[in-house]
Amino acid sequence: MQMFTSQPKPTLGALQGAMARAVMHPLGAREEMDLINSEVAAAIIKPNGRLTSFERLQIYNQQYWWRLLGAAAVAGGVAVLAAA
Amino acid sequence: MSATRFNNNSDYGIGIGLRVPHYQHILEKKPVVDWFEIISENYMVESGRPLHVLDEILEQYRVVQHGVSMYFGNASRPNRAHLKKLKALTRRTATPWVSDHLCWGSVDGRYTHDLLPMPYTWEAVEITARNIREVQDYLELPIAVENVSSYAEFHVSDMEEWEFLNEVVERAECGILLDVNNIYVSSRNHGFNPMTYVNAVPPERVAQIHVAGHTKFERYLLDTHDHPVLDPVWKLYARAIERCGRVATLLEWDDKIPSFEDVHREALKANRFLPHADVYVAA
């Protein structure tokens, strides 16, 4: 992610591509964001007084996977019911 | 003042989101509800129960379409196959306007199924406005863009969120779906005054307002739509109504959904703020 740490600004397409890859990257241990996303988080996301760049990006990464796993669980339940 | 070109000169009051757990109650009891908002994507299908229920609802009620996957802020252009299905649905529902979010969410055909925040840059303003204009022209209906809740801000941003919204809607010549819960959630997550946001929005462009509940975590708020509307959000709603007049108002409740009566009762709390609204008064 070196391209985001120095000028010029990334294009909208480049920024969205980097963030989308991070958001859809599988979660790591204890359902926390994989440390592999540390660099991209620091490069594109501003920290604030309560959350680091990593923690702010992690919210989106976790929401993506929890939503996906939730949908899969519902679909699995439906499949089980249909087979019963 | 609720009737504007941005909501097709319609005059809608307080509505609620049409959700599956309420289907049976609505079809059997036919409760008095001013209008329902549907999630467009749930009905963009060829056949099946969702369309059957929708057709029955349309016989009794007014319906407005709200989307979750147009992704106006994507760097790429709008998906034409999606637009074709959406337009077919608009013909079926006769929705007076169509809303979706000021966000992005997919790259190269891979969908995050989330409403991801925009970097507030001039490049993003131009691209987003271009995409909205393209959709508006294709659908031949007014578009209202909704501000989203967000949990992250970008280093590259050149302006505040409300400035970005205003620049986009002016260039796109579209309306605003003002979500006052989203403003509140983002204000707590990013440390701005939510009233500054509400006061900055051009009232003549507000086609609709959303209210909803959210969840408080230790270090941030999450937009969960699984609680009643909290008092600070109602305060923002009151101010929005002061500025915009009697705008079509919709309560969103999408998780841990209580009975139809409870959801409708919560929505009708908005009436407390409407009697004082008059012709809109700009700040």
# chains A, B, ... in the order shown; residues from 1 in each chain; ligands from 1

call {"tool": "residues_around", "arguments": {"residues": "segment 7-16 of chain A", "least_positions_apart": "3", "cutoff": "7 Å", "atoms": "only C-alpha atoms", "output": "list of chain:residue names"}}
result
A:Phe4, A:Met19, A:Ala20, B:Ala75, B:Ala124, B:Val156

call {"tool": "write_last_selection", "arguments": {"atoms": "N, CA and C atoms", "output": "PDB file, in the first residue's frame"}}
result
ATOM      1  N   PHE A   4      -0.428   4.675  -1.253  1.00  0.00           N
ATOM      2  CA  PHE A   4      -1.336   5.554  -0.535  1.00  0.00           C
ATOM      3  C   PHE A   4      -0.636   6.390   0.530  1.00  0.00           C
ATOM      4  N   MET A  19      -9.887  -1.054  -0.436  1.00  0.00           N
ATOM      5  CA  MET A  19     -10.765  -1.259   0.726  1.00  0.00           C
ATOM      6  C   MET A  19     -11.622  -2.510   0.557  1.00  0.00           C
ATOM      7  N   ALA A  20     -12.106  -2.738  -0.658  1.00  0.00           N
ATOM      8  CA  ALA A  20     -12.953  -3.922  -0.896  1.00  0.00           C
ATOM      9  C   ALA A  20     -12.166  -5.200  -0.628  1.00  0.00           C
TER      10      ALA A  20
ATOM     11  N   ALA B  75     -16.850   3.628  -8.442  1.00  0.00           N
ATOM     12  CA  ALA B  75     -16.047   4.267  -9.493  1.00  0.00           C
ATOM     13  C   ALA B  75     -16.537   3.843 -10.881  1.00  0.00           C
ATOM     14  N   ALA B 124     -14.758  12.083  -6.481  1.00  0.00           N
ATOM     15  CA  ALA B 124     -15.919  11.281  -6.084  1.00  0.00           C
ATOM     16  C   ALA B 124     -17.224  12.046  -6.309  1.00  0.00           C
ATOM     17  N   VAL B 156      -7.987  10.970   2.472  1.00  0.00           N
ATOM     18  CA  VAL B 156      -8.000  11.774   1.241  1.00  0.00           C
ATOM     19  C   VAL B 156      -9.136  12.793   1.165  1.00  0.00           C
TER      20      VAL B 156
END

call {"tool": "residues_around", "arguments": {"residues": "Gly213 of chain B", "least_positions_apart": "2", "cutoff": "9 Å", "atoms": "only C-alpha atoms", "output": "count of residues only"}}
result
15

call {"tool": "select_by_dssp", "arguments": {"residues": "segment 11-59 of chain A", "states": "alpha helix (DSSP H)", "output": "PyMOL selection string"}}
result
chain A and resi 12-24+38-44+53-59

call {"tool": "write_last_selection", "arguments": {"atoms": "C-alpha atoms", "output": "PDB file, in the first residue's frame"}}
result
ATOM      1  CA  LEU A  12     -11.520   6.607  -6.390  1.00  0.00           C
ATOM      2  CA  GLY A  13     -11.187   3.274  -8.178  1.00  0.00           C
ATOM      3  CA  ALA A  14      -7.854   2.456  -6.524  1.00  0.00           C
ATOM      4  CA  LEU A  15      -9.114   3.361  -3.066  1.00  0.00           C
ATOM      5  CA  GLN A  16     -12.290   1.294  -3.493  1.00  0.00           C
ATOM      6  CA  GLY A  17     -10.325  -1.669  -4.810  1.00  0.00           C
ATOM      7  CA  ALA A  18      -7.965  -1.628  -1.816  1.00  0.00           C
ATOM      8  CA  MET A  19     -10.765  -1.259   0.726  1.00  0.00           C
ATOM      9  CA  ALA A  20     -12.953  -3.922  -0.896  1.00  0.00           C
ATOM     10  CA  ARG A  21     -10.091  -6.427  -0.799  1.00  0.00           C
ATOM     11  CA  ALA A  22      -9.556  -5.673   2.886  1.00  0.00           C
ATOM     12  CA  VAL A  23     -13.256  -5.855   3.756  1.00  0.00           C
ATOM     13  CA  MET A  24     -13.694  -9.222   2.028  1.00  0.00           C
ATOM     14  CA  SER A  38      -2.838  -3.243   8.908  1.00  0.00           C
ATOM     15  CA  GLU A  39      -1.023  -1.409   6.150  1.00  0.00           C
ATOM     16  CA  VAL A  40      -4.047  -0.663   4.032  1.00  0.00           C
ATOM     17  CA  ALA A  41      -5.985   0.471   7.126  1.00  0.00           C
ATOM     18  CA  ALA A  42      -3.253   2.945   8.099  1.00  0.00           C
ATOM     19  CA  ALA A  43      -2.900   4.108   4.495  1.00  0.00           C
ATOM     20  CA  ILE A  44      -6.544   4.941   3.793  1.00  0.00           C
ATOM     21  CA  SER A  53      -7.464   2.974  11.630  1.00  0.00           C
ATOM     22  CA  PHE A  54      -7.263  -0.809  12.036  1.00  0.00           C
ATOM     23  CA  GLU A  55     -10.247  -0.922  14.394  1.00  0.00           C
ATOM     24  CA  ARG A  56     -12.367   1.281  12.136  1.00  0.00           C
ATOM     25  CA  LEU A  57     -11.697  -0.880   9.084  1.00  0.00           C
ATOM     26  CA  GLN A  58     -12.267  -3.978  11.203  1.00  0.00           C
ATOM     27  CA  ILE A  59     -15.890  -2.943  11.803  1.00  0.00           C
TER      28      ILE A  59
END

call {"tool": "residues_around", "arguments": {"residues": "Leu68 of chain A", "least_positions_apart": "6", "cutoff": "10 Å", "atoms": "only C-alpha atoms", "output": "list in words"}}
result
Gln62 of chain A; Thr112 and His113 of chain B

call {"tool": "write_last_selection", "arguments": {"atoms": "N, CA and C atoms", "output": "PDB file, in the first residue's frame"}}
result
ATOM      1  N   GLN A  62     -15.612  -7.222   9.799  1.00  0.00           N
ATOM      2  CA  GLN A  62     -16.426  -8.138  10.613  1.00  0.00           C
ATOM      3  C   GLN A  62     -17.873  -8.148  10.155  1.00  0.00           C
TER       4      GLN A  62
ATOM      5  N   THR B 112     -19.866  -6.311  -1.766  1.00  0.00           N
ATOM      6  CA  THR B 112     -19.628  -6.394  -0.319  1.00  0.00           C
ATOM      7  C   THR B 112     -20.950  -6.506   0.445  1.00  0.00           C
ATOM      8  N   HIS B 113     -22.051  -6.223  -0.213  1.00  0.00           N
ATOM      9  CA  HIS B 113     -23.378  -6.203   0.431  1.00  0.00           C
ATOM     10  C   HIS B 113     -23.372  -5.259   1.628  1.00  0.00           C
TER      11      HIS B 113
END

call {"tool": "residues_around", "arguments": {"residues": "Glu56 of chain B", "least_positions_apart": "3", "cutoff": "12 Å", "atoms": "only C-alpha atoms", "output": "ChimeraX atom specification"}}
result
/B:23-24,26-28,30,49-53,59-63,92-93

call {"tool": "write_last_selection", "arguments": {"atoms": "C-alpha atoms", "output": "PDB file, in the first residue's frame"}}
result
ATOM      1  CA  TYR B  23     -47.113  -9.783   5.625  1.00  0.00           C
ATOM      2  CA  GLN B  24     -49.858 -11.907   7.140  1.00  0.00           C
ATOM      3  CA  ILE B  26     -51.241  -6.585   6.777  1.00  0.00           C
ATOM      4  CA  LEU B  27     -53.033  -8.829   4.293  1.00  0.00           C
ATOM      5  CA  GLU B  28     -55.544 -10.078   6.850  1.00  0.00           C
ATOM      6  CA  LYS B  30     -55.611  -4.306   6.323  1.00  0.00           C
ATOM      7  CA  ARG B  49     -44.412 -15.236  -3.249  1.00  0.00           C
ATOM      8  CA  PRO B  50     -42.704 -11.855  -2.867  1.00  0.00           C
ATOM      9  CA  LEU B  51     -44.333 -10.528  -6.045  1.00  0.00           C
ATOM     10  CA  HIS B  52     -47.664 -12.131  -5.186  1.00  0.00           C
ATOM     11  CA  VAL B  53     -47.665 -10.392  -1.791  1.00  0.00           C
ATOM     12  CA  GLU B  59     -54.179  -3.096  -4.354  1.00  0.00           C
ATOM     13  CA  GLN B  60     -54.584  -1.419  -0.951  1.00  0.00           C
ATOM     14  CA  TYR B  61     -51.588   0.798  -0.317  1.00  0.00           C
ATOM     15  CA  ARG B  62     -49.156   3.294  -1.791  1.00  0.00           C
ATOM     16  CA  VAL B  63     -45.625   1.946  -2.102  1.00  0.00           C
ATOM     17  CA  ARG B  92     -45.380  -2.350 -11.367  1.00  0.00           C
ATOM     18  CA  THR B  93     -45.380  -0.279  -8.148  1.00  0.00           C
TER      19      THR B  93
END

call {"tool": "closest_residue", "arguments": {"among": "B:Asp11, B:Asp254, B:Asp55, B:Asp114", "to": "chain A", "atoms": "only C-alpha atoms"}}
result
B:Asp114

call {"tool": "residues_around", "arguments": {"residues": "Trp97 of chain B", "least_positions_apart": "2", "cutoff": "6 Å", "atoms": "only C-alpha atoms", "output": "JSON list (two decimals) with N, CA and C atoms, in the first residue's frame"}}
result
[["chain", "number", "residue", "atom", "x", "y", "z"],
["B", 7, "ASN", "N", -39.86, 14.53, -5.15],
["B", 7, "ASN", "CA", -40.67, 13.35, -4.83],
["B", 7, "ASN", "C", -41.90, 13.29, -5.74],
["B", 95, "THR", "N", -44.14, 3.67, -8.13],
["B", 95, "THR", "CA", -43.47, 4.48, -7.11],
["B", 95, "THR", "C", -43.24, 5.90, -7.63],
["B", 141, "LEU", "N", -37.57, 8.73, -13.39],
["B", 141, "LEU", "CA", -38.20, 9.03, -12.10],
["B", 141, "LEU", "C", -37.23, 9.85, -11.27],
["B", 142, "PRO", "N", -37.76, 10.65, -10.33],
["B", 142, "PRO", "CA", -36.83, 11.38, -9.45],
["B", 142, "PRO", "C", -36.06, 10.41, -8.55],
["B", 143, "ILE", "N", -34.81, 10.72, -8.32],
["B", 143, "ILE", "CA", -33.97, 9.93, -7.42],
["B", 143, "ILE", "C", -33.72, 10.74, -6.15]]

call {"tool": "closest_atom_pairs", "arguments": {"of": "chain B", "to": "chain A", "cutoff": "12 Å", "atoms": "only C-alpha atoms", "output": "CSV"}}
result
residue,atom,partner,partner_atom,distance
B:Tyr71,CA,A:Gln16,CA,11.9
B:Gly73,CA,A:Leu12,CA,9.1
B:Asn74,CA,A:Gly13,CA,7.8
B:Ala75,CA,A:Gly13,CA,5.1
B:Ser76,CA,A:Gly13,CA,7.7
B:Arg77,CA,A:Gly13,CA,11.3
B:Cys103,CA,A:Gln16,CA,10.9
B:Trp104,CA,A:Gln16,CA,8.1
B:Gly105,CA,A:Ala20,CA,7.9
B:Ser106,CA,A:Ala20,CA,7.4
B:Val107,CA,A:Gly17,CA,6.2
B:Asp108,CA,A:Gly17,CA,8.5
B:Gly109,CA,A:Ala20,CA,11.2
B:Arg110,CA,A:Ala20,CA,8.6
B:Tyr111,CA,A:Ala20,CA,8.7
B:Thr112,CA,A:Tyr64,CA,6.6
B:His113,CA,A:Tyr64,CA,7.3
B:Asp114,CA,A:Tyr64,CA,7.1
B:Leu115,CA,A:Tyr60,CA,9.5
B:Leu116,CA,A:Tyr60,CA,8.1
B:Pro117,CA,A:Gln16,CA,9.9
B:Met118,CA,A:Leu12,CA,9.0
B:Pro119,CA,A:Leu12,CA,7.8
B:Tyr120,CA,A:Leu12,CA,10.0
B:Thr121,CA,A:Leu12,CA,8.6
B:Trp122,CA,A:Leu12,CA,10.0
B:Glu123,CA,A:Leu12,CA,7.1
B:Ala124,CA,A:Leu12,CA,6.4
B:Val125,CA,A:Leu12,CA,10.2
B:Glu126,CA,A:Leu12,CA,10.7
B:Ile127,CA,A:Leu12,CA,8.8
B:Thr128,CA,A:Leu12,CA,10.4
B:Ser149,CA,A:Tyr60,CA,11.8
B:Ser150,CA,A:Tyr60,CA,9.5
B:Tyr151,CA,A:Arg56,CA,6.0
B:Ala152,CA,A:Arg56,CA,5.5
B:Glu153,CA,A:Lys46,CA,5.5
B:Phe154,CA,A:Ile45,CA,4.6
B:His155,CA,A:Lys46,CA,5.4
B:Val156,CA,A:Lys9,CA,6.6
B:Ser157,CA,A:Lys9,CA,9.8
B:Asp158,CA,A:Lys9,CA,10.9
B:Arg188,CA,A:Arg50,CA,10.9
B:Asn189,CA,A:Asn48,CA,8.7
B:His190,CA,A:Asn48,CA,7.4
B:Gly191,CA,A:Asn48,CA,8.7
B:Phe192,CA,A:Asn48,CA,12.0
B:Phe217,CA,A:Arg50,CA,11.7
B:Glu218,CA,A:Arg50,CA,9.5
B:Arg219,CA,A:Arg50,CA,6.1
B:Tyr220,CA,A:Arg50,CA,8.1
B:Leu221,CA,A:Ile59,CA,10.9
B:Leu222,CA,A:Ile59,CA,9.4
B:Asp223,CA,A:Gln63,CA,11.4
B:Thr224,CA,A:Gln63,CA,11.2

call {"tool": "write_last_selection", "arguments": {"atoms": "C-alpha atoms", "output": "mmCIF file, in the first residue's frame"}}
result
data_model
loop_
_atom_site.group_PDB
_atom_site.id
_atom_site.type_symbol
_atom_site.label_atom_id
_atom_site.label_comp_id
_atom_site.auth_asym_id
_atom_site.auth_seq_id
_atom_site.Cartn_x
_atom_site.Cartn_y
_atom_site.Cartn_z
ATOM 1 C CA TYR B 71 -23.999 1.990 -5.298
ATOM 2 C CA GLY B 73 -20.582 6.082 -5.496
ATOM 3 C CA ASN B 74 -18.914 3.171 -7.263
ATOM 4 C CA ALA B 75 -16.047 4.267 -9.493
ATOM 5 C CA SER B 76 -17.652 2.175 -12.238
ATOM 6 C CA ARG B 77 -20.875 3.036 -14.058
ATOM 7 C CA CYS B 103 -22.224 5.070 -0.917
ATOM 8 C CA TRP B 104 -20.254 2.483 -2.822
ATOM 9 C CA GLY B 105 -20.210 -1.283 -2.397
ATOM 10 C CA SER B 106 -18.876 -3.349 -5.263
ATOM 11 C CA VAL B 107 -15.686 -3.603 -7.314
ATOM 12 C CA ASP B 108 -15.239 -5.591 -10.513
ATOM 13 C CA GLY B 109 -18.527 -7.418 -10.002
ATOM 14 C CA ARG B 110 -17.760 -8.499 -6.420
ATOM 15 C CA TYR B 111 -20.349 -7.231 -3.947
ATOM 16 C CA THR B 112 -19.628 -6.394 -0.319
ATOM 17 C CA HIS B 113 -23.378 -6.203 0.431
ATOM 18 C CA ASP B 114 -22.607 -3.187 2.571
ATOM 19 C CA LEU B 115 -23.108 0.562 2.299
ATOM 20 C CA LEU B 116 -19.487 1.661 2.317
ATOM 21 C CA PRO B 117 -18.615 5.308 3.021
ATOM 22 C CA MET B 118 -17.402 7.660 0.332
ATOM 23 C CA PRO B 119 -14.110 9.501 0.354
ATOM 24 C CA TYR B 120 -15.253 13.131 0.199
ATOM 25 C CA THR B 121 -13.166 14.191 -2.784
ATOM 26 C CA TRP B 122 -13.981 16.253 -5.864
ATOM 27 C CA GLU B 123 -13.335 13.252 -8.077
ATOM 28 C CA ALA B 124 -15.919 11.281 -6.084
ATOM 29 C CA VAL B 125 -18.398 14.175 -6.374
ATOM 30 C CA GLU B 126 -18.150 14.142 -10.159
ATOM 31 C CA ILE B 127 -18.346 10.361 -10.528
ATOM 32 C CA THR B 128 -21.225 9.955 -8.088
ATOM 33 C CA SER B 149 -24.100 5.754 8.733
ATOM 34 C CA SER B 150 -20.349 5.349 8.762
ATOM 35 C CA TYR B 151 -17.589 4.086 11.001
ATOM 36 C CA ALA B 152 -14.549 5.241 9.068
ATOM 37 C CA GLU B 153 -13.211 8.431 7.481
ATOM 38 C CA PHE B 154 -10.603 8.657 4.752
ATOM 39 C CA HIS B 155 -7.306 10.540 4.777
ATOM 40 C CA VAL B 156 -8.000 11.774 1.241
ATOM 41 C CA SER B 157 -11.254 13.624 2.004
ATOM 42 C CA ASP B 158 -11.339 17.292 0.969
ATOM 43 C CA ARG B 188 -21.004 10.282 17.359
ATOM 44 C CA ASN B 189 -18.540 8.133 15.446
ATOM 45 C CA HIS B 190 -16.715 11.053 13.860
ATOM 46 C CA GLY B 191 -17.178 13.830 16.412
ATOM 47 C CA PHE B 192 -19.202 16.464 14.549
ATOM 48 C CA PHE B 217 -21.223 0.079 21.875
ATOM 49 C CA GLU B 218 -18.453 1.186 24.179
ATOM 50 C CA ARG B 219 -16.492 3.132 21.581
ATOM 51 C CA TYR B 220 -18.881 3.613 18.671
ATOM 52 C CA LEU B 221 -22.515 3.470 17.562
ATOM 53 C CA LEU B 222 -23.768 0.907 15.061
ATOM 54 C CA ASP B 223 -26.737 1.489 12.782
ATOM 55 C CA THR B 224 -28.742 -1.645 13.577
#

call {"tool": "residues_around", "arguments": {"residues": "segment 199-207 of chain B", "least_positions_apart": "6", "cutoff": "9 Å", "atoms": "only C-alpha atoms", "output": "ChimeraX atom specification"}}
result
/B:1-8,97,143-144,162-163,165-166,169,174-178,239-240,243-245,247-248,280-283

call {"tool": "write_last_selection", "arguments": {"atoms": "N, CA and C atoms", "output": "mmCIF file, in the first residue's frame"}}
result
data_model
loop_
_atom_site.group_PDB
_atom_site.id
_atom_site.type_symbol
_atom_site.label_atom_id
_atom_site.label_comp_id
_atom_site.auth_asym_id
_atom_site.auth_seq_id
_atom_site.Cartn_x
_atom_site.Cartn_y
_atom_site.Cartn_z
ATOM 1 N N MET B 1 -45.059 21.585 2.311
ATOM 2 C CA MET B 1 -43.988 21.687 1.328
ATOM 3 C C MET B 1 -43.486 20.317 0.901
ATOM 4 N N SER B 2 -44.171 19.263 1.376
ATOM 5 C CA SER B 2 -43.645 17.938 1.083
ATOM 6 C C SER B 2 -43.676 17.622 -0.399
ATOM 7 N N ALA B 3 -44.585 18.273 -1.140
ATOM 8 C CA ALA B 3 -44.655 17.998 -2.566
ATOM 9 C C ALA B 3 -43.616 18.828 -3.306
ATOM 10 N N THR B 4 -42.620 18.157 -3.845
ATOM 11 C CA THR B 4 -41.594 18.846 -4.607
ATOM 12 C C THR B 4 -41.303 18.017 -5.852
ATOM 13 N N ARG B 5 -40.507 18.595 -6.757
ATOM 14 C CA ARG B 5 -40.174 17.820 -7.952
ATOM 15 C C ARG B 5 -39.303 16.629 -7.593
ATOM 16 N N PHE B 6 -38.701 16.675 -6.408
ATOM 17 C CA PHE B 6 -37.826 15.575 -6.031
ATOM 18 C C PHE B 6 -38.587 14.357 -5.487
ATOM 19 N N ASN B 7 -39.860 14.529 -5.149
ATOM 20 C CA ASN B 7 -40.673 13.353 -4.831
ATOM 21 C C ASN B 7 -41.898 13.287 -5.744
ATOM 22 N N ASN B 8 -41.723 13.847 -6.940
ATOM 23 C CA ASN B 8 -42.748 13.783 -7.973
ATOM 24 C C ASN B 8 -44.034 14.485 -7.545
ATOM 25 N N TRP B 97 -41.090 8.132 -6.539
ATOM 26 C CA TRP B 97 -39.648 8.382 -6.578
ATOM 27 C C TRP B 97 -38.920 7.107 -6.175
ATOM 28 N N ILE B 143 -34.812 10.722 -8.321
ATOM 29 C CA ILE B 143 -33.968 9.933 -7.422
ATOM 30 C C ILE B 143 -33.720 10.741 -6.153
ATOM 31 N N ALA B 144 -33.802 10.059 -5.005
ATOM 32 C CA ALA B 144 -33.405 10.675 -3.735
ATOM 33 C C ALA B 144 -32.251 9.858 -3.163
ATOM 34 N N TRP B 162 -21.559 16.620 4.789
ATOM 35 C CA TRP B 162 -22.715 17.371 4.298
ATOM 36 C C TRP B 162 -22.340 18.239 3.090
ATOM 37 N N GLU B 163 -21.104 18.692 3.049
ATOM 38 C CA GLU B 163 -20.661 19.456 1.878
ATOM 39 C C GLU B 163 -20.608 18.542 0.653
ATOM 40 N N LEU B 165 -22.430 15.802 0.193
ATOM 41 C CA LEU B 165 -23.821 15.528 -0.183
ATOM 42 C C LEU B 165 -24.393 16.677 -1.012
ATOM 43 N N ASN B 166 -24.176 17.891 -0.537
ATOM 44 C CA ASN B 166 -24.736 19.047 -1.246
ATOM 45 C C ASN B 166 -24.145 19.218 -2.640
ATOM 46 N N VAL B 169 -25.751 16.354 -4.930
ATOM 47 C CA VAL B 169 -27.157 16.495 -5.328
ATOM 48 C C VAL B 169 -27.361 17.690 -6.261
ATOM 49 N N CYS B 174 -30.749 15.991 -8.181
ATOM 50 C CA CYS B 174 -31.599 14.978 -7.553
ATOM 51 C C CYS B 174 -31.990 15.427 -6.146
ATOM 52 N N GLY B 175 -32.847 14.608 -5.524
ATOM 53 C CA GLY B 175 -33.319 14.893 -4.176
ATOM 54 C C GLY B 175 -32.485 14.192 -3.119
ATOM 55 N N ILE B 176 -32.906 14.407 -1.870
ATOM 56 C CA ILE B 176 -32.214 13.821 -0.713
ATOM 57 C C ILE B 176 -33.207 13.012 0.103
ATOM 58 N N LEU B 177 -32.801 11.824 0.486
ATOM 59 C CA LEU B 177 -33.516 11.079 1.524
ATOM 60 C C LEU B 177 -32.680 11.298 2.780
ATOM 61 N N LEU B 178 -33.168 12.164 3.649
ATOM 62 C CA LEU B 178 -32.383 12.559 4.817
ATOM 63 C C LEU B 178 -32.621 11.561 5.950
ATOM 64 N N ARG B 239 -35.957 19.220 14.030
ATOM 65 C CA ARG B 239 -35.281 20.331 13.342
ATOM 66 C C ARG B 239 -35.422 20.193 11.821
ATOM 67 N N ALA B 240 -35.318 18.972 11.338
ATOM 68 C CA ALA B 240 -35.463 18.760 9.891
ATOM 69 C C ALA B 240 -36.868 19.162 9.431
ATOM 70 N N ARG B 243 -37.312 22.849 9.173
ATOM 71 C CA ARG B 243 -36.687 23.433 7.977
ATOM 72 C C ARG B 243 -37.376 23.017 6.692
ATOM 73 N N CYS B 244 -37.856 21.758 6.639
ATOM 74 C CA CYS B 244 -38.325 21.198 5.361
ATOM 75 C C CYS B 244 -39.844 21.153 5.234
ATOM 76 N N GLY B 245 -40.556 21.251 6.359
ATOM 77 C CA GLY B 245 -41.997 21.088 6.302
ATOM 78 C C GLY B 245 -42.383 19.625 6.441
ATOM 79 N N VAL B 247 -42.485 16.494 5.415
ATOM 80 C CA VAL B 247 -41.861 15.607 4.428
ATOM 81 C C VAL B 247 -42.270 14.159 4.704
ATOM 82 N N ALA B 248 -42.448 13.384 3.647
ATOM 83 C CA ALA B 248 -42.720 11.949 3.783
ATOM 84 C C ALA B 248 -41.702 11.339 4.749
ATOM 85 N N TYR B 280 -41.851 25.468 4.317
ATOM 86 C CA TYR B 280 -40.471 25.357 4.796
ATOM 87 C C TYR B 280 -39.819 26.722 4.984
ATOM 88 N N VAL B 281 -39.010 26.764 5.998
ATOM 89 C CA VAL B 281 -38.288 27.986 6.309
ATOM 90 C C VAL B 281 -36.809 27.684 6.254
ATOM 91 N N ALA B 282 -36.145 28.264 5.335
ATOM 92 C CA ALA B 282 -34.701 28.024 5.226
ATOM 93 C C ALA B 282 -33.992 28.653 6.416
ATOM 94 N N ALA B 283 -32.881 28.055 6.816
ATOM 95 C CA ALA B 283 -32.134 28.565 7.979
ATOM 96 C C ALA B 283 -31.566 29.941 7.681
#

call {"tool": "residues_around", "arguments": {"residues": "Gly13 of chain B", "least_positions_apart": "5", "cutoff": "10 Å", "atoms": "only C-alpha atoms", "output": "list in words"}}
result
Ser2, Val33, Asp34, Trp35, Gln208, Arg246, Val247, Ala248, Thr249, Leu250, Leu268, Ala270, Asn271 and Leu274 of chain B

call {"tool": "write_last_selection", "arguments": {"atoms": "C-alpha atoms", "output": "PDB file, in the first residue's frame"}}
result
ATOM      1  CA  SER B   2     -43.645  17.938   1.083  1.00  0.00           C
ATOM      2  CA  VAL B  33     -51.065   2.947   6.909  1.00  0.00           C
ATOM      3  CA  ASP B  34     -50.286   5.952   4.757  1.00  0.00           C
ATOM      4  CA  TRP B  35     -47.642   4.157   2.696  1.00  0.00           C
ATOM      5  CA  GLN B 208     -38.158  11.962   2.308  1.00  0.00           C
ATOM      6  CA  ARG B 246     -44.154  17.955   6.280  1.00  0.00           C
ATOM      7  CA  VAL B 247     -41.861  15.607   4.428  1.00  0.00           C
ATOM      8  CA  ALA B 248     -42.720  11.949   3.783  1.00  0.00           C
ATOM      9  CA  THR B 249     -41.355  10.116   6.826  1.00  0.00           C
ATOM     10  CA  LEU B 250     -40.447   6.451   7.155  1.00  0.00           C
ATOM     11  CA  LEU B 268     -46.551   7.532  14.366  1.00  0.00           C
ATOM     12  CA  ALA B 270     -43.345  11.422  14.255  1.00  0.00           C
ATOM     13  CA  ASN B 271     -46.783  13.074  14.381  1.00  0.00           C
ATOM     14  CA  LEU B 274     -45.542  17.532  12.365  1.00  0.00           C
TER      15      LEU B 274
END
